[in-house]
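The data block below is start-v2.txt; it holds compact mmCIF, C-alpha atoms.
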```txt
# COMPACT_ATOMS: atom_id res chain seq x y z
CA MET A 245 -10.65 23.31 -1.57
CA LYS A 246 -13.61 22.87 0.74
CA MET A 247 -12.98 24.29 4.18
CA SER A 248 -14.01 21.06 5.93
CA TYR A 249 -11.33 19.17 3.98
CA PHE A 250 -8.82 21.92 4.75
CA HIS A 251 -9.61 21.66 8.46
CA THR A 252 -9.25 17.88 8.33
CA LEU A 253 -5.80 18.19 6.72
CA LEU A 254 -4.77 20.92 9.14
CA ALA A 255 -5.77 18.76 12.10
CA GLU A 256 -3.77 15.83 10.69
CA VAL A 257 -0.66 17.98 10.27
CA CYS A 258 -0.96 19.54 13.73
CA THR A 259 -1.73 16.36 15.65
CA GLY A 260 -0.02 13.74 13.51
CA VAL A 261 -3.20 11.65 13.75
CA ALA A 262 -5.24 10.75 10.69
CA PRO A 263 -8.90 9.84 11.09
CA GLU A 264 -9.51 6.12 10.66
CA VAL A 265 -11.75 5.27 7.73
CA ASN A 266 -13.87 2.29 8.71
CA ALA A 267 -15.27 0.57 5.65
CA LYS A 268 -15.87 -3.12 4.98
CA ALA A 269 -13.32 -3.24 2.15
CA LEU A 270 -10.66 -1.54 4.29
CA ALA A 271 -11.35 -3.87 7.23
CA TRP A 272 -11.09 -6.85 4.87
CA GLY A 273 -7.73 -5.63 3.58
CA LYS A 274 -6.36 -5.14 7.09
CA GLN A 275 -7.63 -8.56 8.17
CA TYR A 276 -5.88 -10.41 5.33
CA GLU A 277 -2.73 -8.31 4.90
CA GLU A 278 -0.56 -10.68 6.95
CA ASP A 279 -1.81 -13.67 4.93
CA ALA A 280 -0.98 -11.82 1.70
CA ARG A 281 2.52 -11.02 3.02
CA THR A 282 3.09 -14.69 3.92
CA LEU A 283 1.85 -15.82 0.50
CA PHE A 284 4.19 -13.33 -1.19
CA GLU A 285 7.16 -14.64 0.82
CA PHE A 286 6.27 -18.23 -0.07
CA THR A 287 5.79 -17.62 -3.80
CA THR A 288 8.83 -15.36 -4.28
CA ASP A 289 11.27 -16.89 -1.76
CA VAL A 290 12.11 -13.50 -0.25
CA LYS A 291 11.80 -12.33 3.35
CA VAL A 292 9.49 -9.37 3.99
CA THR A 293 9.75 -7.09 7.00
CA GLU A 294 7.07 -4.59 7.94
CA SER A 295 8.09 -1.06 7.13
CA PRO A 296 8.05 2.01 9.32
CA ILE A 297 7.10 5.33 7.78
CA LEU A 298 9.84 6.28 5.31
CA PHE A 299 10.68 9.95 4.76
CA ARG A 300 12.22 11.33 1.57
CA ASP A 301 14.64 13.58 3.45
CA GLU A 302 15.28 15.40 6.72
CA SER A 303 12.48 17.92 6.08
CA MET A 304 9.99 15.08 6.72
CA ARG A 305 7.50 16.70 4.33
CA THR A 306 7.05 13.65 2.08
CA ALA A 307 6.57 10.15 3.43
CA CYS A 308 5.13 6.76 2.64
CA SER A 309 4.56 3.53 4.49
CA PRO A 310 4.91 0.54 2.17
CA ASP A 311 3.36 -2.70 3.36
CA GLY A 312 6.78 -4.31 3.45
CA LEU A 313 10.45 -4.14 2.58
CA CYS A 314 11.80 -7.22 0.80
CA SER A 315 15.16 -8.88 1.34
CA ASN A 316 15.86 -8.42 -2.40
CA GLY A 317 15.67 -4.62 -2.06
CA PHE A 318 12.14 -4.25 -3.42
CA GLY A 319 9.33 -2.44 -1.67
CA LEU A 320 5.97 -4.22 -1.34
CA GLU A 321 2.38 -3.03 -1.57
CA LEU A 322 -0.32 -5.55 -0.69
CA LYS A 323 -3.89 -5.39 -1.98
CA CYS A 324 -6.63 -7.75 -0.84
CA PRO A 325 -9.64 -6.91 -3.02
CA PHE A 326 -12.93 -7.21 -1.15
CA THR A 327 -14.69 -8.93 -4.03
CA SER A 328 -13.54 -11.87 -6.11
CA ARG A 329 -14.79 -9.95 -9.16
CA ASP A 330 -12.22 -7.19 -8.60
CA PHE A 331 -9.48 -9.75 -8.00
CA MET A 332 -10.29 -11.61 -11.24
CA LYS A 333 -10.49 -8.35 -13.20
CA PHE A 334 -6.99 -7.52 -12.00
CA ARG A 335 -5.52 -11.00 -12.54
CA LEU A 336 -7.01 -11.48 -16.01
CA GLY A 337 -6.47 -7.91 -17.18
CA GLY A 338 -2.73 -7.88 -16.57
CA PHE A 339 -0.75 -4.69 -16.17
CA GLU A 340 -3.46 -2.55 -17.78
CA ALA A 341 -6.01 -3.63 -15.16
CA ILE A 342 -4.07 -2.21 -12.21
CA LYS A 343 -6.05 0.66 -10.70
CA SER A 344 -4.31 3.97 -11.30
CA ALA A 345 -4.39 4.67 -7.55
CA TYR A 346 -2.54 1.39 -6.88
CA MET A 347 0.00 2.19 -9.58
CA ALA A 348 0.59 5.66 -8.16
CA GLN A 349 1.02 4.22 -4.67
CA VAL A 350 3.64 1.70 -5.83
CA GLN A 351 5.48 4.31 -7.92
CA TYR A 352 5.48 6.82 -5.06
CA SER A 353 6.78 4.15 -2.68
CA MET A 354 9.64 3.49 -5.11
CA TRP A 355 10.41 7.19 -5.69
CA LEU A 356 10.36 8.33 -2.09
CA PRO A 357 13.15 6.13 -0.67
CA GLU A 358 14.84 6.08 -4.10
CA LYS A 359 14.17 2.39 -4.61
CA MET A 360 14.35 1.15 -8.16
CA HIS A 361 11.83 -1.70 -7.88
CA GLY A 362 8.48 -2.39 -6.29
CA SER A 363 6.12 -5.35 -6.09
CA LEU A 364 2.35 -5.45 -5.93
CA GLN A 365 0.77 -8.58 -4.42
CA THR A 366 -2.97 -9.24 -4.60
CA MET A 367 -4.92 -11.88 -2.74
CA THR A 368 -8.62 -12.61 -2.36
CA ARG A 369 -10.79 -15.03 -0.47
CA ALA A 370 -10.86 -18.57 -1.84
```

When written as structure tokens, how does the structure in this file appear?
Amino acid sequence: MKMSYFHTLLAEVCTGVAPEVNAKALAWGKQYEEDARTLFEFTTDVKVTESPILFRDESMRTACSPDGLCSNGFGLELKCPFTSRDFMKFRLGGFEAIKSAYMAQVQYSMWLPEKMHGSLQTMTRA
């Protein structure tokens, strides 16, 4: 492990503050997350509430923060791809086209609070 990365992680653990990554794609995702949540509620007929950080147990050593908790008991991860190309690749490619990082995030969010189901909603600009 590079020492600079180690120091970054150490600072996050000690202060509880993670450095904000400011990239166009991330800003796009944050900007349209609420729209994606509303679209998910409309198309699935479930109510979504924003989620606090969820811890696995009292040790507070493992945590996640899903983008929402659904009234049907599912967790929700929202993705708003920055490019229409990425959105179409995902929509046309089906399950196999889901990025492994997205899949891991959804699976971890299901494992951590011991939820049995999770949903992944994608939305892009029209």

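One finds CA of Thr327 in chain A at 15.1 Å from CA of Ala341 in chain A.
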
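Among the candidates A:Val350, A:Ile297, A:Ala271, A:Ala262, the one nearest to Phe326 in chain A when counting only C-alpha atoms is A:Ala271.
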
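Each of A:Lys291, A:Lys343, A:Arg335, A:Lys274 was compared to Phe318 in chain A using only C-alpha atoms, and A:Lys291 turns out to be the nearest.
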
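Across the model, the gap from CA of Asp289 in chain A to CA of Ser315 in chain A is 9.4 Å.
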
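The closest residue to Asp311 in chain A, picked from A:Val261, A:Leu270, A:Val290, A:Ala280 and counting all atoms listed in the file, is A:Ala280.
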
Item to check | Separation of CA of Cys258 in chain A from CA of Leu313 in chain A in Å | outcome: 28.6 Å

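When only C-alpha atoms are used to compute distances to Pro310 in chain A, the closest of the residues A:Gly273, A:Pro357, A:Gly260, A:Pro325 turns out to be A:Pro357.
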
Checklist outcome for this item: Restricting to only C-alpha atoms, whichever of A:Leu356, A:Pro296, A:Lys323, A:Glu256 is closest to Ile342 in chain A is A:Lys323
